[in-house]
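Read the structure below first, then the notes.
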Amino acid sequence: MRDLTMQWGARPVLDRVSLVMQPGERLAVVGPSGAGKSTVLRLLAGLQLPTSGELRLFERPQTYLRLDQTDPPDVRLVFQNPALLASLTVEQNVGFLLREQGQLTREEIRERVEACLEAVGLFDVAHQYPGELSGGMQKRVSFARALIDNPQRGDEAMPLLLYDEPTAGLDPVACTRIEDLIVKTTTVAKGCSVVVSHVRSTIERSAERVVMVYGGHFQWSGSVEEFRTTDNPYVEQFRTGSLRGPMQPSH
Ligand SMILES: Nc1ncnc2c1ncn2[C@@H]1O[C@H](COP(=O)(O)OP(=O)(O)OP(=O)(O)O)[C@@H](O)[C@H]1O
């Protein structure tokens, strides 16, 4: 992102922000409610276009919405609500894109789906419907869906995986499982990832670098180790949950 601005009202939500991600990097985007974290994800996903500035994904400038691109970049979304299709089985949900592409036989798709389900620790659920699974299992299915690969994908191809609040509302043990899955999914897909989360363990366990968004700017960026110890006032207030600090509701 270079000098990227996203503006709906009088004040820009993102005001000329810049960010470069390294290949294979795992990034966490943090900040208080309404700071613009989901906006960052939606821009990266191509679900909305910036008001101004430049967004490049894998070197290619993004000037069209994802749906309008004939050859969209490989960006995969794992949203807070797993957004599975209720009328399709788990197997049909995970293999949806491969079926649409029509390049593999049913048996080949079934094998790939099975491998992705096993990679996220799901067994014997392929023929069940999402509604028959627990919330945690549904999240796993959405991770499996992010693992499914296009057969034409070259060895050097690198997807960008986007995780929006992946551990919101989960118990601490379920959080740990999902955090491990984020690292695993990103590694297995040979991709890079951006996680938006308020959960400290998720930020620290699933990312290598942290970016703090507030007031339209990226106020701070550093490694996870630095995030734990920095005395940057924004990060300190976020870490401690203090009401005192530079982040106030009126801003
Ligand atoms: N389509 C839209 N039209 C107008 N304003 C919008 C739109 N989408 C987001 N906004 C505004 O942009 C700001 C940032 O929203 P965003 O969802 O990115 O915040 P967030 O940091 O992800 O918050 P949360 O942690 O609560 O999910 C908010 O003030 C929101 O009202």
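Letters A, B, ... mark the chains of the structure tokens in the order given; residue numbers begin at 1 per chain; ligand numbers begin at 1, in order shown.
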Problem - Non-local contacts of Arg112 of chain A (8 Å; only C-alpha atoms; under 4 positions in same chain excluded) as a PyMOL selection string - result: chain A and resi 95+108+116+148
Handout entry: Residues within 7 Å of Asp3 of chain A, only C-alpha atoms, excluding chain neighbours under 2 positions, as a PyMOL selection string
Key = chain A and resi 1+5+16-18+53-54
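Pairwise distance (atom CA of Leu161 of chain A, atom CA of Arg11 of chain A) equals 29.0 Å.
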Practice task
Please give me, as a PyMOL selection string, the residues lying within 10 Å of ligand 1 when counting only C-alpha atoms and all ligand atoms.
Solution key: chain A and resi 6-9+11-14+29-43+48+164-165+196-198+213-216
Residues of segment 34-80 of chain A at most 12 Å from segment 169-190 of chain A: nearest atom pair and distance in Å, only C-alpha atoms, as JSON lines:
```
{"residue": "A:Asp74", "atom": "CA", "partner": "A:Ala189", "partner_atom": "CA", "distance": 10.9}
{"residue": "A:Val75", "atom": "CA", "partner": "A:Ala189", "partner_atom": "CA", "distance": 11.4}
{"residue": "A:Arg76", "atom": "CA", "partner": "A:Ala189", "partner_atom": "CA", "distance": 10.4}
{"residue": "A:Leu77", "atom": "CA", "partner": "A:Thr186", "partner_atom": "CA", "distance": 11.8}
{"residue": "A:Val78", "atom": "CA", "partner": "A:Ile182", "partner_atom": "CA", "distance": 9.8}
{"residue": "A:Gln80", "atom": "CA", "partner": "A:Gly169", "partner_atom": "CA", "distance": 9.7}
```
Writing out the chosen residues with N, CA and C atoms as a PDB file, in the first residue's frame:
```
ATOM      1  N   ASP A  74      -4.492 -14.184  -5.947  1.00  0.00           N
ATOM      2  CA  ASP A  74      -4.906 -15.278  -5.058  1.00  0.00           C
ATOM      3  C   ASP A  74      -5.011 -14.776  -3.617  1.00  0.00           C
ATOM      4  N   VAL A  75      -6.166 -14.220  -3.307  1.00  0.00           N
ATOM      5  CA  VAL A  75      -6.423 -13.731  -1.952  1.00  0.00           C
ATOM      6  C   VAL A  75      -7.565 -14.557  -1.373  1.00  0.00           C
ATOM      7  N   ARG A  76      -7.334 -15.140  -0.198  1.00  0.00           N
ATOM      8  CA  ARG A  76      -8.334 -16.039   0.389  1.00  0.00           C
ATOM      9  C   ARG A  76      -8.789 -15.487   1.736  1.00  0.00           C
ATOM     10  N   LEU A  77     -10.074 -15.497   1.935  1.00  0.00           N
ATOM     11  CA  LEU A  77     -10.625 -14.865   3.132  1.00  0.00           C
ATOM     12  C   LEU A  77     -11.180 -15.881   4.109  1.00  0.00           C
ATOM     13  N   VAL A  78     -10.797 -15.711   5.373  1.00  0.00           N
ATOM     14  CA  VAL A  78     -11.407 -16.512   6.433  1.00  0.00           C
ATOM     15  C   VAL A  78     -12.065 -15.526   7.380  1.00  0.00           C
ATOM     16  N   GLN A  80     -14.825 -13.936  10.240  1.00  0.00           N
ATOM     17  CA  GLN A  80     -15.245 -14.262  11.609  1.00  0.00           C
ATOM     18  C   GLN A  80     -16.418 -15.240  11.593  1.00  0.00           C
TER      19      GLN A  80
END
```
Handout entry: Minimum-distance residue to Phe123 of chain A, chosen among A:Glu226, A:Asp68, A:Glu91, A:Glu107 (using only C-alpha atoms)
Key =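 Of all the options, A:Glu91 lies closest to Phe123 of chain A.
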Handout entry: In segment 15-194 of chain A, DSSP helix (DSSP H, G or I) residues written as a VMD selection string
Key = chain A and resid 37 to 45 66 to 68 90 to 94 96 to 101 106 to 119 130 to 132 135 to 147 172 to 188
Exercise for the section: Excluding Val235 of chain A and residues on its chain fewer than 5 positions from it, collect all residues at most 10 Å away from it, counting only C-alpha atoms, and give them as a PyMOL selection string. Expected result: chain A and resi 30-31+210-213+219-221+226-230+240-241+245-247
Could you save the residues just selected, with all heavy atoms, as a compact mmCIF listing (two decimals), in the first residue's frame?
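New file selection30.txt:
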```txt
# COMPACT_ATOMS: atom_id res chain seq x y z
N VAL A 30 -3.92 -4.40 14.40
CA VAL A 30 -4.66 -4.19 15.64
C VAL A 30 -5.06 -2.72 15.77
O VAL A 30 -4.54 -1.86 15.06
CB VAL A 30 -3.82 -4.62 16.88
CG1 VAL A 30 -3.31 -6.04 16.73
CG2 VAL A 30 -2.64 -3.67 17.11
N GLY A 31 -5.98 -2.48 16.70
CA GLY A 31 -6.43 -1.11 16.94
C GLY A 31 -7.83 -1.16 17.53
O GLY A 31 -8.50 -2.19 17.44
N VAL A 210 3.38 -6.67 13.84
CA VAL A 210 2.11 -6.06 14.25
C VAL A 210 2.06 -4.62 13.74
O VAL A 210 3.06 -3.89 13.80
CB VAL A 210 1.98 -6.06 15.80
CG1 VAL A 210 0.61 -5.50 16.22
CG2 VAL A 210 2.18 -7.45 16.37
N VAL A 211 0.88 -4.24 13.23
CA VAL A 211 0.66 -2.85 12.82
C VAL A 211 -0.51 -2.32 13.64
O VAL A 211 -1.56 -2.96 13.72
CB VAL A 211 0.31 -2.76 11.31
CG1 VAL A 211 -0.11 -1.35 10.95
CG2 VAL A 211 1.50 -3.18 10.47
N MET A 212 -0.32 -1.17 14.26
CA MET A 212 -1.38 -0.56 15.08
C MET A 212 -2.05 0.57 14.30
O MET A 212 -1.38 1.52 13.89
CB MET A 212 -0.73 -0.05 16.37
CG MET A 212 -1.44 1.03 17.12
SD MET A 212 -2.98 0.53 17.86
CE MET A 212 -2.46 -0.37 19.26
N VAL A 213 -3.37 0.46 14.09
CA VAL A 213 -4.11 1.49 13.35
C VAL A 213 -4.89 2.36 14.33
O VAL A 213 -5.60 1.84 15.19
CB VAL A 213 -5.18 0.84 12.40
CG1 VAL A 213 -5.72 1.88 11.44
CG2 VAL A 213 -4.65 -0.35 11.69
N GLN A 219 0.00 3.84 13.41
CA GLN A 219 0.72 4.58 14.47
C GLN A 219 2.01 3.89 14.87
O GLN A 219 2.93 4.54 15.39
CB GLN A 219 -0.18 4.71 15.71
CG GLN A 219 -1.48 5.45 15.47
CD GLN A 219 -1.29 6.95 15.32
OE1 GLN A 219 -0.17 7.47 15.45
NE2 GLN A 219 -2.35 7.66 15.01
N TRP A 220 2.04 2.59 14.70
CA TRP A 220 3.22 1.84 15.15
C TRP A 220 3.28 0.55 14.37
O TRP A 220 2.26 -0.03 14.01
CB TRP A 220 3.08 1.55 16.65
CG TRP A 220 4.27 0.84 17.24
CD1 TRP A 220 5.39 1.43 17.76
CD2 TRP A 220 4.46 -0.57 17.36
NE1 TRP A 220 6.26 0.45 18.18
CE2 TRP A 220 5.71 -0.78 17.95
CE3 TRP A 220 3.69 -1.69 17.01
CZ2 TRP A 220 6.22 -2.04 18.21
CZ3 TRP A 220 4.20 -2.95 17.27
CH2 TRP A 220 5.45 -3.13 17.87
N SER A 221 4.50 0.09 14.13
CA SER A 221 4.68 -1.20 13.51
C SER A 221 5.96 -1.81 14.07
O SER A 221 6.96 -1.11 14.27
CB SER A 221 4.79 -1.01 11.99
OG SER A 221 5.31 -2.16 11.39
N GLU A 226 8.69 -6.83 20.01
CA GLU A 226 8.63 -5.40 20.31
C GLU A 226 7.23 -5.00 20.79
O GLU A 226 7.09 -4.15 21.66
CB GLU A 226 9.03 -4.59 19.07
CG GLU A 226 10.50 -4.70 18.73
CD GLU A 226 10.84 -4.26 17.31
OE1 GLU A 226 9.93 -4.20 16.45
OE2 GLU A 226 12.02 -4.00 17.05
N PHE A 227 6.21 -5.62 20.20
CA PHE A 227 4.83 -5.33 20.59
C PHE A 227 4.63 -5.62 22.09
O PHE A 227 3.94 -4.89 22.79
CB PHE A 227 3.88 -6.18 19.75
CG PHE A 227 2.43 -6.04 20.10
CD1 PHE A 227 1.71 -4.92 19.70
CD2 PHE A 227 1.77 -7.02 20.84
CE1 PHE A 227 0.36 -4.78 20.02
CE2 PHE A 227 0.42 -6.89 21.16
CZ PHE A 227 -0.27 -5.77 20.75
N ARG A 228 5.28 -6.67 22.59
CA ARG A 228 5.13 -7.04 24.00
C ARG A 228 5.79 -6.03 24.93
O ARG A 228 5.35 -5.89 26.07
CB ARG A 228 5.80 -8.40 24.26
CG ARG A 228 5.05 -9.57 23.68
CD ARG A 228 5.57 -10.88 24.28
NE ARG A 228 5.02 -11.99 23.55
CZ ARG A 228 5.71 -12.69 22.66
NH1 ARG A 228 6.97 -12.42 22.41
NH2 ARG A 228 5.12 -13.68 22.00
N THR A 229 6.82 -5.34 24.45
CA THR A 229 7.64 -4.55 25.38
C THR A 229 7.67 -3.05 25.08
O THR A 229 8.07 -2.27 25.94
CB THR A 229 9.09 -5.06 25.34
OG1 THR A 229 9.52 -5.04 23.98
CG2 THR A 229 9.20 -6.46 25.90
N THR A 230 7.23 -2.64 23.88
CA THR A 230 7.41 -1.23 23.51
C THR A 230 6.65 -0.29 24.48
O THR A 230 5.59 -0.65 25.01
CB THR A 230 6.93 -0.97 22.07
OG1 THR A 230 7.10 0.43 21.78
CG2 THR A 230 5.46 -1.30 21.88
N THR A 240 -2.70 -2.74 27.77
CA THR A 240 -3.18 -2.72 29.15
C THR A 240 -4.68 -2.49 29.25
O THR A 240 -5.28 -2.69 30.30
CB THR A 240 -2.48 -1.59 29.94
OG1 THR A 240 -2.77 -0.34 29.27
CG2 THR A 240 -0.98 -1.80 29.99
N GLY A 241 -5.30 -2.06 28.16
CA GLY A 241 -6.74 -1.78 28.20
C GLY A 241 -7.04 -0.54 29.03
O GLY A 241 -8.18 -0.36 29.50
N GLY A 245 -4.77 7.46 27.86
CA GLY A 245 -3.83 7.27 26.76
C GLY A 245 -4.30 8.05 25.56
O GLY A 245 -5.31 8.76 25.62
N PRO A 246 -3.58 7.91 24.46
CA PRO A 246 -3.89 8.73 23.29
C PRO A 246 -5.18 8.30 22.56
O PRO A 246 -5.71 9.06 21.77
CB PRO A 246 -2.67 8.52 22.38
CG PRO A 246 -2.08 7.22 22.82
CD PRO A 246 -2.38 7.08 24.27
N MET A 247 -5.67 7.09 22.85
CA MET A 247 -6.87 6.63 22.12
C MET A 247 -8.11 6.90 22.95
O MET A 247 -8.33 6.29 23.99
CB MET A 247 -6.74 5.13 21.80
CG MET A 247 -5.51 4.84 20.96
SD MET A 247 -5.41 3.15 20.36
CE MET A 247 -5.00 2.24 21.83
```
Practice task
Quick one: everything within 6 Å of Ala207 of chain A, counting only C-alpha atoms, minus sequence neighbours fewer than 4 positions away in the same chain. Send it as a PyMOL selection string.
Solution key: chain A and resi 26-28+203
Convert the current residue selection to file output with all heavy atoms, as a PDB file, in the first residue's frame.
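File written: again-v2.pdb
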```pdb
ATOM      1  N   ARG A  26       3.751 -13.062   8.208  1.00  0.00           N
ATOM      2  CA  ARG A  26       2.459 -13.107   8.895  1.00  0.00           C
ATOM      3  C   ARG A  26       2.307 -11.823   9.709  1.00  0.00           C
ATOM      4  O   ARG A  26       3.093 -11.540  10.593  1.00  0.00           O
ATOM      5  CB  ARG A  26       2.378 -14.336   9.809  1.00  0.00           C
ATOM      6  CG  ARG A  26       2.139 -15.628   9.026  1.00  0.00           C
ATOM      7  CD  ARG A  26       2.065 -16.842   9.916  1.00  0.00           C
ATOM      8  NE  ARG A  26       3.383 -17.293  10.302  1.00  0.00           N
ATOM      9  CZ  ARG A  26       3.874 -17.282  11.531  1.00  0.00           C
ATOM     10  NH1 ARG A  26       3.139 -16.870  12.536  1.00  0.00           N
ATOM     11  NH2 ARG A  26       5.102 -17.677  11.776  1.00  0.00           N
ATOM     12  N   LEU A  27       1.270 -11.076   9.369  1.00  0.00           N
ATOM     13  CA  LEU A  27       1.074  -9.740   9.934  1.00  0.00           C
ATOM     14  C   LEU A  27      -0.213  -9.712  10.766  1.00  0.00           C
ATOM     15  O   LEU A  27      -1.203 -10.356  10.395  1.00  0.00           O
ATOM     16  CB  LEU A  27       0.941  -8.761   8.761  1.00  0.00           C
ATOM     17  CG  LEU A  27       0.836  -7.288   9.068  1.00  0.00           C
ATOM     18  CD1 LEU A  27       2.213  -6.738   9.439  1.00  0.00           C
ATOM     19  CD2 LEU A  27       0.319  -6.524   7.844  1.00  0.00           C
ATOM     20  N   ALA A  28      -0.195  -8.969  11.868  1.00  0.00           N
ATOM     21  CA  ALA A  28      -1.438  -8.719  12.612  1.00  0.00           C
ATOM     22  C   ALA A  28      -1.751  -7.234  12.534  1.00  0.00           C
ATOM     23  O   ALA A  28      -0.855  -6.399  12.660  1.00  0.00           O
ATOM     24  CB  ALA A  28      -1.278  -9.131  14.068  1.00  0.00           C
ATOM     25  N   ILE A 203      -2.823 -12.339  18.447  1.00  0.00           N
ATOM     26  CA  ILE A 203      -1.859 -11.411  17.844  1.00  0.00           C
ATOM     27  C   ILE A 203      -0.447 -11.978  18.028  1.00  0.00           C
ATOM     28  O   ILE A 203       0.338 -12.055  17.082  1.00  0.00           O
ATOM     29  CB  ILE A 203      -1.967 -10.022  18.527  1.00  0.00           C
ATOM     30  CG1 ILE A 203      -3.346  -9.421  18.283  1.00  0.00           C
ATOM     31  CG2 ILE A 203      -0.864  -9.093  18.048  1.00  0.00           C
ATOM     32  CD1 ILE A 203      -3.730  -8.324  19.264  1.00  0.00           C
TER      33      ILE A 203
END
```
